[in-house]
$ cat my_file.cif   # mmCIF, C-alpha atoms
data_start
loop_
_atom_site.label_atom_id
_atom_site.label_comp_id
_atom_site.auth_asym_id
_atom_site.auth_seq_id
_atom_site.Cartn_x
_atom_site.Cartn_y
_atom_site.Cartn_z
CA MET A 1 13.60 16.32 2.67
CA TYR A 2 15.01 15.13 -0.61
CA SER A 3 16.88 17.83 -2.50
CA HIS A 4 16.60 16.09 -5.88
CA ARG A 5 13.82 16.55 -8.41
CA VAL A 6 12.06 13.40 -9.38
CA TYR A 7 12.16 13.39 -13.17
CA GLN A 8 11.42 15.02 -16.44
CA PHE A 9 9.58 13.24 -19.21
CA GLN A 10 11.76 12.42 -22.19
CA ASP A 11 11.56 10.03 -25.13
CA THR A 12 13.51 7.49 -23.08
CA ASN A 13 10.71 7.54 -20.48
CA THR A 14 13.21 7.32 -17.66
CA LEU A 15 13.91 9.54 -14.73
CA VAL A 16 16.87 11.79 -14.25
CA ASN A 17 19.04 10.13 -11.63
CA GLN A 18 20.89 12.31 -9.17
CA LYS A 19 24.51 11.53 -8.31
CA SER A 20 25.23 11.03 -4.66
CA LYS A 21 28.29 12.38 -2.98
CA GLY A 22 30.48 10.17 -0.87
CA GLY A 23 33.26 10.76 1.58
CA GLY A 24 36.16 8.82 2.86
CA GLY A 25 38.54 8.76 5.76
CA LYS A 26 42.00 7.45 6.60
CA LEU A 27 42.73 4.65 8.96
CA GLN A 28 45.51 5.49 11.31
CA LYS A 29 47.81 3.04 13.08
CA ASP A 30 49.23 3.59 16.53
CA LYS A 31 52.78 2.37 16.18
CA SER A 32 53.65 3.15 19.80
CA ALA A 33 51.25 0.70 21.42
CA ILE A 34 53.27 -1.84 23.46
CA LEU A 35 51.42 -4.15 25.84
CA GLU A 36 53.07 -6.02 28.68
CA ILE A 37 51.94 -9.51 29.65
CA THR A 38 50.12 -8.28 32.75
CA ASN A 39 48.28 -5.64 30.79
CA ILE A 40 47.20 -8.25 28.24
CA HIS A 41 45.81 -10.40 31.05
CA VAL A 42 43.80 -7.50 32.49
CA PHE A 43 42.61 -6.52 29.02
CA MET A 44 41.41 -10.03 28.17
CA GLU A 45 39.67 -10.44 31.50
CA ASP A 46 37.83 -7.15 31.03
CA LYS A 47 36.94 -8.09 27.47
CA MET A 48 35.47 -11.42 28.59
CA LYS A 49 33.30 -9.65 31.15
CA LYS A 50 31.96 -7.37 28.42
CA ILE A 51 31.27 -10.31 26.10
CA MET A 52 29.36 -12.12 28.86
CA ALA A 53 27.30 -8.98 29.53
CA VAL A 54 26.44 -8.67 25.85
CA LEU A 55 25.41 -12.35 25.67
CA ILE A 56 23.15 -11.98 28.70
CA LEU A 57 21.57 -8.84 27.22
CA ALA A 58 21.06 -10.58 23.88
CA GLY A 59 19.37 -13.49 25.64
CA MET A 60 17.02 -11.13 27.47
CA LEU A 61 16.23 -9.35 24.19
CA PHE A 62 15.50 -12.65 22.44
CA VAL A 63 13.11 -13.69 25.21
CA THR A 64 11.35 -10.32 25.08
CA ILE A 65 10.95 -10.39 21.31
CA GLY A 66 9.77 -13.98 21.35
CA ALA A 67 7.18 -13.28 24.02
CA ASP A 68 5.85 -10.22 22.20
CA PHE A 69 5.67 -12.09 18.93
CA THR A 70 3.73 -14.94 20.53
CA HIS A 71 1.30 -12.41 21.93
CA GLU A 72 0.64 -11.03 18.44
CA ILE A 73 -0.05 -14.50 17.05
CA ASN A 74 -2.44 -15.26 19.90
CA LYS A 75 -4.43 -12.12 19.15
CA ASP A 76 -5.31 -13.54 15.72
CA ASP A 77 -5.93 -17.21 15.10
CA THR A 78 -5.31 -16.72 11.37
CA THR A 79 -1.84 -16.43 9.84
CA GLU A 80 -2.86 -16.58 6.20
CA GLN A 81 -1.59 -13.09 5.38
CA SER A 82 2.08 -13.55 6.27
CA SER A 83 4.60 -16.17 7.20
CA LEU A 84 6.44 -16.52 10.49
CA PHE A 85 9.60 -15.23 8.80
CA ASP A 86 7.80 -12.17 7.43
CA GLN A 87 6.44 -11.20 10.83
CA LEU A 88 9.79 -11.67 12.56
CA THR A 89 11.45 -9.62 9.83
CA ARG A 90 8.95 -6.81 10.34
CA ARG A 91 9.66 -6.75 14.05
CA TRP A 92 13.33 -5.98 13.39
CA LYS A 93 12.52 -3.23 10.91
CA LYS A 94 11.90 -0.23 13.11
CA GLY A 95 11.14 2.29 10.36
CA LYS A 96 7.59 2.36 9.03
CA VAL A 97 8.09 3.25 5.37
CA GLY A 98 5.11 4.32 3.31
CA TRP A 99 3.90 6.30 0.32
CA ALA A 100 0.70 8.13 -0.59
CA SER A 101 -0.37 9.35 -4.02
CA GLY A 102 -2.61 12.24 -4.94
CA CYS A 103 -3.76 14.95 -7.28
CA ILE A 104 -4.91 18.50 -7.91
CA TYR A 105 -7.71 17.57 -10.28
CA LYS A 106 -8.42 21.00 -11.74
CA ASP A 107 -4.79 21.27 -12.87
CA ASN A 108 -4.18 17.55 -13.57
CA LYS A 109 -1.10 17.60 -11.33
CA GLY A 110 0.13 14.52 -9.48
CA PHE A 111 1.98 14.10 -6.19
CA ILE A 112 3.85 11.38 -4.31
CA ILE A 113 4.60 11.80 -0.61
CA TYR A 114 6.84 9.61 1.54
CA THR A 115 7.53 8.77 5.18
CA ASP A 116 10.08 6.54 6.89
CA ASP A 117 8.84 7.07 10.45
CA GLY A 118 5.21 6.00 10.32
CA GLY A 119 3.97 9.40 9.22
CA GLU A 120 5.41 11.62 11.91
CA ASN A 121 7.13 13.33 8.98
CA TRP A 122 6.01 13.24 5.35
CA VAL A 123 7.98 14.72 2.43
CA SER A 124 7.11 15.28 -1.21
CA GLN A 125 9.07 13.31 -3.80
CA VAL A 126 8.06 15.38 -6.82
CA GLU A 127 8.56 18.89 -8.15
CA GLU A 128 6.89 21.63 -6.13
CA ASP A 129 4.13 22.08 -8.70
CA GLY A 130 3.61 18.33 -9.17
CA LEU A 131 3.87 15.89 -12.06
CA PRO A 132 1.96 16.51 -15.31
CA MET A 133 -0.71 13.92 -14.55
CA CYS A 134 -2.92 12.96 -11.61
CA LEU A 135 -1.77 9.92 -9.64
CA ASN A 136 -4.19 7.31 -8.31
CA GLY A 137 -2.99 3.97 -6.93
CA VAL A 138 0.12 3.05 -4.94
CA SER A 139 1.57 -0.28 -3.78
CA ALA A 140 4.60 -0.56 -1.49
CA VAL A 141 6.47 -3.84 -1.95
CA ASN A 142 9.17 -3.31 0.65
CA GLN A 143 11.14 -0.45 2.16
CA ASN A 144 12.84 0.33 -1.14
CA THR A 145 10.38 -0.62 -3.88
CA ALA A 146 6.96 0.86 -4.62
CA TRP A 147 4.66 1.33 -7.60
CA VAL A 148 2.40 4.29 -8.45
CA VAL A 149 -0.11 4.61 -11.30
CA GLY A 150 -2.03 7.51 -12.77
CA ARG A 151 -3.68 9.19 -15.71
CA THR A 152 -2.60 8.92 -19.32
CA HIS A 153 0.22 11.23 -20.48
CA GLU A 154 1.96 11.53 -23.85
CA GLY A 155 -0.11 8.76 -25.37
CA TYR A 156 -0.11 6.03 -22.70
CA GLY A 157 -1.18 5.40 -19.10
CA THR A 158 1.21 6.26 -16.29
CA ILE A 159 2.99 3.51 -14.34
CA LEU A 160 5.93 4.53 -12.11
CA ARG A 161 8.30 2.45 -10.02
CA THR A 162 11.03 3.24 -7.49
CA ARG A 163 13.72 0.88 -6.25
CA ASN A 164 15.50 3.37 -3.98
CA ARG A 165 12.82 4.68 -1.61
CA GLY A 166 11.63 7.25 -4.10
CA LYS A 167 14.89 9.05 -4.74
CA THR A 168 14.14 8.32 -8.38
CA TRP A 169 10.94 7.13 -10.06
CA VAL A 170 11.08 5.37 -13.43
CA ARG A 171 8.17 5.44 -15.85
CA GLN A 172 7.29 1.96 -17.12
CA GLY A 173 6.34 0.86 -20.63
CA SER A 174 5.87 2.93 -23.77
CA VAL A 175 3.36 4.00 -26.42
CA GLY A 176 1.85 0.90 -27.97
CA GLU A 177 2.68 -1.33 -25.04
CA ILE A 178 0.67 0.55 -22.41
CA PRO A 179 -2.87 1.56 -23.53
CA ASP A 180 -3.75 5.24 -23.75
CA VAL A 181 -6.14 5.10 -20.77
CA ASP A 182 -6.04 6.20 -17.16
CA MET A 183 -4.50 3.69 -14.76
CA VAL A 184 -6.39 3.55 -11.47
CA ALA A 185 -4.93 0.87 -9.19
CA VAL A 186 -1.84 -1.29 -8.75
CA SER A 187 -1.05 -4.32 -6.59
CA ALA A 188 2.46 -5.78 -6.45
CA VAL A 189 3.46 -9.09 -4.87
CA SER A 190 7.20 -8.60 -5.36
CA PRO A 191 9.64 -6.10 -6.89
CA SER A 192 9.19 -7.90 -10.21
CA THR A 193 5.51 -8.96 -10.33
CA ALA A 194 2.61 -6.50 -10.31
CA TRP A 195 -0.88 -6.01 -11.73
CA VAL A 196 -2.32 -2.67 -12.90
CA VAL A 197 -5.94 -1.94 -13.84
CA GLY A 198 -7.62 1.04 -15.45
CA GLY A 199 -10.29 2.29 -17.81
CA TYR A 200 -11.84 0.44 -20.76
CA GLY A 201 -11.19 -3.01 -19.30
CA VAL A 202 -7.42 -2.68 -18.99
CA VAL A 203 -5.71 -5.38 -16.93
CA LEU A 204 -1.90 -5.42 -17.16
CA LYS A 205 0.71 -7.70 -15.62
CA THR A 206 4.49 -7.53 -15.45
CA LYS A 207 6.76 -10.37 -14.35
CA ASN A 208 10.06 -8.56 -14.86
CA GLY A 209 9.83 -5.34 -12.89
CA GLY A 210 8.04 -3.40 -15.63
CA ALA A 211 10.41 -4.16 -18.50
CA THR A 212 7.46 -5.70 -20.40
CA TRP A 213 3.71 -5.74 -19.83
CA GLU A 214 1.06 -8.29 -20.79
CA GLN A 215 -2.58 -7.37 -21.35
CA GLN A 216 -4.92 -9.86 -19.67
CA ALA A 217 -8.66 -10.64 -19.56
CA VAL A 218 -9.05 -9.02 -22.97
CA ASP A 219 -12.06 -11.05 -24.07
CA ILE A 220 -14.25 -10.55 -20.99
CA THR A 221 -13.56 -6.93 -19.95
CA PRO A 222 -14.04 -4.64 -22.96
CA LYS A 223 -15.96 -1.85 -21.20
CA ILE A 224 -15.39 -2.25 -17.48
CA PHE A 225 -13.81 0.77 -15.81
CA PHE A 226 -11.70 -0.89 -13.16
CA GLN A 227 -11.36 0.82 -9.78
CA ASP A 228 -9.19 -1.56 -7.73
CA VAL A 229 -7.02 -4.67 -7.89
CA PHE A 230 -5.61 -6.88 -5.17
CA ALA A 231 -3.05 -9.64 -5.64
CA LEU A 232 -3.04 -12.07 -2.74
CA ASP A 233 -0.09 -13.94 -4.22
CA LYS A 234 1.40 -14.65 -7.65
CA ASN A 235 -1.65 -16.72 -8.63
CA ASN A 236 -4.76 -15.27 -6.96
CA VAL A 237 -5.83 -11.79 -8.00
CA TRP A 238 -9.16 -9.94 -7.81
CA ALA A 239 -10.15 -6.82 -9.77
CA THR A 240 -13.31 -4.74 -9.28
CA GLY A 241 -15.03 -1.93 -11.13
CA GLY A 242 -18.13 -1.25 -13.16
CA GLU A 243 -19.90 0.34 -16.05
CA ASN A 244 -23.70 0.26 -15.76
CA LYS A 245 -23.31 -2.64 -13.32
CA ALA A 246 -20.62 -3.75 -10.88
CA HIS A 247 -18.11 -6.43 -11.76
CA ILE A 248 -15.70 -8.71 -9.89
CA LEU A 249 -12.99 -10.59 -11.79
CA HIS A 250 -10.74 -13.31 -10.42
CA THR A 251 -7.79 -15.37 -11.59
CA SER A 252 -6.27 -18.35 -9.79
CA ASN A 253 -3.43 -18.97 -12.25
CA GLY A 254 -1.59 -15.67 -12.38
CA GLY A 255 -3.85 -14.17 -15.04
CA LYS A 256 -3.72 -16.87 -17.69
CA THR A 257 -7.51 -17.06 -17.39
CA TRP A 258 -10.01 -14.78 -15.66
CA SER A 259 -13.62 -15.34 -14.64
CA LYS A 260 -16.45 -13.11 -13.45
CA GLN A 261 -17.80 -13.56 -9.93
CA GLY A 262 -20.91 -12.52 -8.03
CA GLU A 263 -23.05 -11.61 -11.02
CA GLY A 264 -26.22 -12.77 -9.30
CA ASP A 265 -25.25 -11.53 -5.82
CA ILE A 266 -24.52 -7.84 -6.37
CA PRO A 267 -27.59 -5.59 -5.87
CA PRO A 268 -28.74 -4.01 -9.16
CA ASP A 269 -28.33 -0.43 -7.89
CA VAL A 270 -24.62 -1.05 -7.18
CA TYR A 271 -23.14 0.05 -10.49
CA SER A 272 -19.48 -0.12 -9.42
CA LEU A 273 -17.26 -1.73 -6.81
CA LEU A 274 -14.44 0.60 -5.75
CA GLY A 275 -12.28 -1.55 -3.47
CA VAL A 276 -11.34 -5.21 -2.98
CA HIS A 277 -9.11 -7.08 -0.52
CA ALA A 278 -8.59 -10.75 0.33
CA VAL A 279 -7.67 -12.34 3.66
CA ASN A 280 -6.88 -15.64 1.97
CA LYS A 281 -8.07 -17.65 -1.04
CA ASP A 282 -11.50 -18.09 0.55
CA VAL A 283 -12.36 -14.87 2.39
CA ILE A 284 -12.61 -11.75 0.19
CA TRP A 285 -14.18 -8.33 0.77
CA ALA A 286 -15.43 -5.80 -1.79
CA VAL A 287 -16.92 -2.33 -1.26
CA GLY A 288 -18.50 0.20 -3.57
CA VAL A 289 -21.15 2.73 -4.42
CA ASN A 290 -24.33 3.26 -2.43
CA GLY A 291 -22.71 2.00 0.74
CA ILE A 292 -22.30 -1.64 -0.25
CA VAL A 293 -20.02 -4.03 1.64
CA LEU A 294 -19.76 -7.54 0.17
CA LYS A 295 -18.05 -10.62 1.57
CA SER A 296 -17.28 -14.03 0.11
CA PHE A 297 -16.57 -17.08 2.24
CA ASN A 298 -15.81 -19.44 -0.64
CA GLY A 299 -13.25 -17.82 -2.88
CA GLY A 300 -15.79 -15.66 -4.70
CA GLN A 301 -18.23 -18.37 -5.80
CA SER A 302 -20.92 -16.46 -3.91
CA TRP A 303 -21.08 -13.03 -2.24
CA THR A 304 -23.15 -11.75 0.67
CA ALA A 305 -24.07 -8.13 1.41
CA MET A 306 -22.81 -7.59 4.96
CA THR A 307 -24.19 -4.07 5.29
CA ARG A 308 -25.59 -1.12 3.37
CA THR A 309 -24.12 1.79 5.27
CA THR A 310 -25.99 4.32 3.13
CA THR A 311 -27.77 4.57 -0.18
CA PHE A 312 -26.13 7.76 -1.39
CA MET A 313 -22.52 7.67 -0.10
CA HIS A 314 -19.74 5.46 -1.41
CA ASN A 315 -17.41 3.01 0.31
CA ASN A 316 -14.12 3.68 -1.47
CA HIS A 317 -11.52 1.24 -0.14
CA VAL A 318 -11.19 -1.77 2.14
CA VAL A 319 -8.44 -3.58 4.04
CA ALA A 320 -9.02 -6.92 5.79
CA ILE A 321 -6.61 -7.73 8.61
CA ASN A 322 -7.94 -11.23 9.22
CA LYS A 323 -11.28 -13.04 9.17
CA ARG A 324 -12.71 -10.76 11.83
CA ASN A 325 -11.03 -7.34 11.57
CA VAL A 326 -11.84 -5.17 8.53
CA TRP A 327 -11.56 -1.42 7.84
CA VAL A 328 -13.47 0.58 5.22
CA ALA A 329 -12.76 4.12 3.96
CA MET A 330 -15.91 5.93 2.89
CA ASP A 331 -17.43 9.28 1.97
CA ASP A 332 -18.84 11.79 4.45
CA SER A 333 -15.67 11.79 6.60
CA VAL A 334 -16.39 8.29 7.93
CA ILE A 335 -14.16 5.27 8.55
CA LEU A 336 -15.83 1.94 9.35
CA SER A 337 -14.50 -1.12 11.15
CA THR A 338 -15.72 -4.51 12.25
CA VAL A 339 -14.15 -6.89 14.76
CA ASP A 340 -16.59 -9.76 14.24
CA GLY A 341 -16.41 -10.37 10.52
CA GLY A 342 -19.10 -7.86 9.57
CA ILE A 343 -21.88 -8.79 11.98
CA THR A 344 -21.59 -5.40 13.68
CA TRP A 345 -19.81 -2.21 12.60
CA ASN A 346 -18.14 0.73 14.32
CA SER A 347 -18.30 4.15 12.69
CA PHE A 348 -15.50 6.68 13.24
CA ARG A 349 -15.60 10.32 12.21
CA PRO A 350 -12.12 11.71 12.98
CA PRO A 351 -12.27 15.39 14.00
CA GLY A 352 -11.26 18.25 11.75
CA GLY A 353 -12.49 17.12 8.35
CA ALA A 354 -16.20 17.68 7.83
CA SER A 355 -15.79 17.65 4.03
CA ASP A 356 -13.49 14.63 3.74
CA TYR A 357 -13.98 11.73 1.40
CA PHE A 358 -11.72 8.94 2.65
CA MET A 359 -10.27 7.30 -0.47
CA GLY A 360 -7.54 4.94 0.72
CA ILE A 361 -6.79 2.83 3.78
CA THR A 362 -3.96 0.55 4.93
CA ALA A 363 -3.12 -1.29 8.15
CA LEU A 364 -0.17 -2.96 9.85
CA ASN A 365 -2.47 -4.86 12.22
CA GLU A 366 -5.94 -4.57 13.74
CA ASN A 367 -4.87 -1.58 15.85
CA GLU A 368 -2.62 0.53 13.61
CA VAL A 369 -4.31 2.04 10.56
CA TRP A 370 -3.75 4.94 8.15
CA ALA A 371 -6.38 6.56 5.91
CA VAL A 372 -6.13 9.38 3.34
CA SER A 373 -8.78 11.69 1.99
CA ASN A 374 -9.97 14.03 -0.72
CA ALA A 375 -11.21 17.38 0.55
CA ILE A 376 -13.04 20.35 -0.90
CA ASN A 377 -10.14 22.65 0.02
CA LEU A 378 -7.71 20.31 -1.88
CA HIS A 379 -5.68 19.68 1.28
CA GLY A 380 -6.23 15.95 1.66
CA ARG A 381 -5.67 14.56 5.12
CA ILE A 382 -3.66 11.65 6.53
CA LEU A 383 -5.28 10.03 9.58
CA HIS A 384 -3.50 7.55 11.84
CA THR A 385 -4.61 5.44 14.79
CA LYS A 386 -2.67 3.04 17.00
CA ASP A 387 -5.54 2.00 19.28
CA ASP A 388 -8.19 0.45 17.04
CA GLY A 389 -9.69 3.80 16.06
CA ASN A 390 -10.43 5.20 19.51
CA TYR A 391 -8.00 8.06 18.97
CA TRP A 392 -6.97 9.47 15.57
CA VAL A 393 -4.01 11.74 14.84
CA SER A 394 -3.97 14.00 11.80
CA GLN A 395 -0.53 13.78 10.18
CA THR A 396 0.88 16.67 8.17
CA ASN A 397 0.38 16.51 4.41
CA PRO A 398 3.33 18.38 2.82
CA VAL A 399 1.42 19.21 -0.39
CA ILE A 400 -1.82 21.06 -1.02
CA ALA A 401 -3.48 18.28 -2.94
CA ASN A 402 -6.06 15.55 -2.54
CA LEU A 403 -4.76 12.10 -1.58
CA ASN A 404 -6.13 8.97 -3.23
CA ARG A 405 -4.29 5.94 -1.90
CA ILE A 406 -1.75 5.03 0.78
CA SER A 407 0.50 1.98 1.24
CA PHE A 408 3.14 0.97 3.80
CA ALA A 409 5.87 -1.62 3.44
CA GLY A 410 4.80 -4.74 5.30
CA ALA A 411 1.22 -3.52 5.66
CA LEU A 412 -1.87 -5.41 4.55
CA ARG A 413 -2.54 -3.40 1.40
#

$ encode --input "my_file.cif" --output "structure tokens"
Amino acid sequence: MYSHRVYQFQDTNTLVNQKSKGGGGKLQKDKSAILEITNIHVFMEDKMKKIMAVLILAGMLFVTIGADFTHEINKDDTTEQSSLFDQLTRRWKKGKVGWASGCIYKDNKGFIIYTDDGGENWVSQVEEDGLPMCLNGVSAVNQNTAWVVGRTHEGYGTILRTRNRGKTWVRQGSVGEIPDVDMVAVSAVSPSTAWVVGGYGVVLKTKNGGATWEQQAVDITPKIFFQDVFALDKNNVWATGGENKAHILHTSNGGKTWSKQGEGDIPPDVYSLLGVHAVNKDVIWAVGVNGIVLKSFNGGQSWTAMTRTTTFMHNNHVVAINKRNVWVAMDDSVILSTVDGGITWNSFRPPGGASDYFMGITALNENEVWAVSNAINLHGRILHTKDDGNYWVSQTNPVIANLNRISFAGALR
């Protein structure tokens, strides 16, 4: 567990960095080593044998990795989400690094928890009693960089970023630059480029790692309370939310212009959409209140209701693995999945959490998924499956707080 404390708020709006201690050693030379010609010959022969063994082992390893990788591609005929290089890179990265964000609502205290082993061990990266604002969204860019957003504090909404696996978190922006509203969701496509959405129609973008922020979609979103944002790439971004009716916004040029989508397709009793995720530029999913699950096949020009799971519970978050495999986090301790693009649905109710409201979900592939929850007893849960939801493991939450969102480096959220 980290021994440092994350930060204290000051006028500089930066975190207190902790100095690391280093050590050194001395290289020693053996001045008495004298090799005869025969010994050199034996040494070189032995060394060549070892080199040949290493080369053979490396060749076997390459074949094994290549075969396994091919198998993964064959399981999914779509590769829109990631490039060949990205998938090979992930295979070499053994550690599964992720973050989850949460809150004790009655005290307005925020928490960030972290794992580097897929959730077998989670640690808190904040003070024991939390930060002085609830935290909502989280987006992991890579194993070092992540973004977290939360409620307003000291006159402007909270946006935090780490570049060192959470050893320090830096608050972004300032009064006047960041509106004095709660920030709800964040989606980053790189360490430098991210979008943040929040209350009162706030859509923010940074292109320089949070040094400056640009307000977007000002003219068409004055009253929308945004609930989620997803950036497929540096150009295509979707944001969802609602006021008295649900809204979907989309940009295809990095936020220079935004347009509303699905105005005639969303049922009138669906007053807000709480989650959105895109497989590619054509296939997008959105979920929301009263059990709605929407899908677009044409980049958002039209939307189809794939299911109404209930008329009184909410679908809170969605992650689409590919065109067929989709996971939904919902109220009433339920997690949904489809393996046929929404024609049929599987319903999972992991044991041990009768009062859970699953708020966030992320996935590495169609089999390995994490979900986090709010709970009446404030001890939000972390659920993990490696076998397509047939068996769920409850991972240990190190803080007594509700959890709102979860994100892993290299995952599909």

$ atom_distance --input "my_file.cif" --atom1 "CA of Gly360 in chain A" --atom2 "CA of Leu403 in chain A"
8.0 Å

$ atom_distance --input "my_file.cif" --atom1 "CA of Gly255 in chain A" --atom2 "CA of Thr240 in chain A"
14.5 Å

$ resolve_selection --input "my_file.cif" --expression "the PyMOL selection byres ((chain A and resi 103) around 8)" --output "list in words"
Ser101, Gly102, Ile104, Tyr105, Asn108, Lys109, Gly110, Phe111, Met133, Cys134, Leu135, Asn136, Ala401, Asn402, Leu403 and Asn404 of chain A

$ residues_around --input "my_file.cif" --residues "Ala188 in chain A" --least-positions-apart "2" --cutoff "12 Å" --atoms "only C-alpha atoms" --output "PyMOL selection string"
chain A and resi 137-142+145-149+161+185-186+190-197+204-210+229-237+407+409+412-413

$ resolve_selection --input "my_file.cif" --expression "the PyMOL selection byres ((chain A and resi 301) around 10)" --output "list of chain:residue names"
A:Lys260, A:Gln261, A:Gly262, A:Glu263, A:Asp265, A:Asp282, A:Ser296, A:Phe297, A:Asn298, A:Gly299, A:Gly300, A:Ser302, A:Trp303

$ closest_residue --input "my_file.cif" --among "A:Val372, A:Ile178, A:Val279, A:Ile224" --to "Arg324 in chain A" --atoms "only C-alpha atoms"
A:Val279

$ closest_residue --input "my_file.cif" --among "A:Asp107, A:Val181, A:Pro350, A:Gln143" --to "Gly95 in chain A" --atoms "only C-alpha atoms"
A:Gln143

$ resolve_selection --input "my_file.cif" --expression "the PyMOL selection byres ((chain A and resi 223) around 6)" --output "list in words"
Tyr200, Gly201, Thr221, Pro222 and Ile224 of chain A
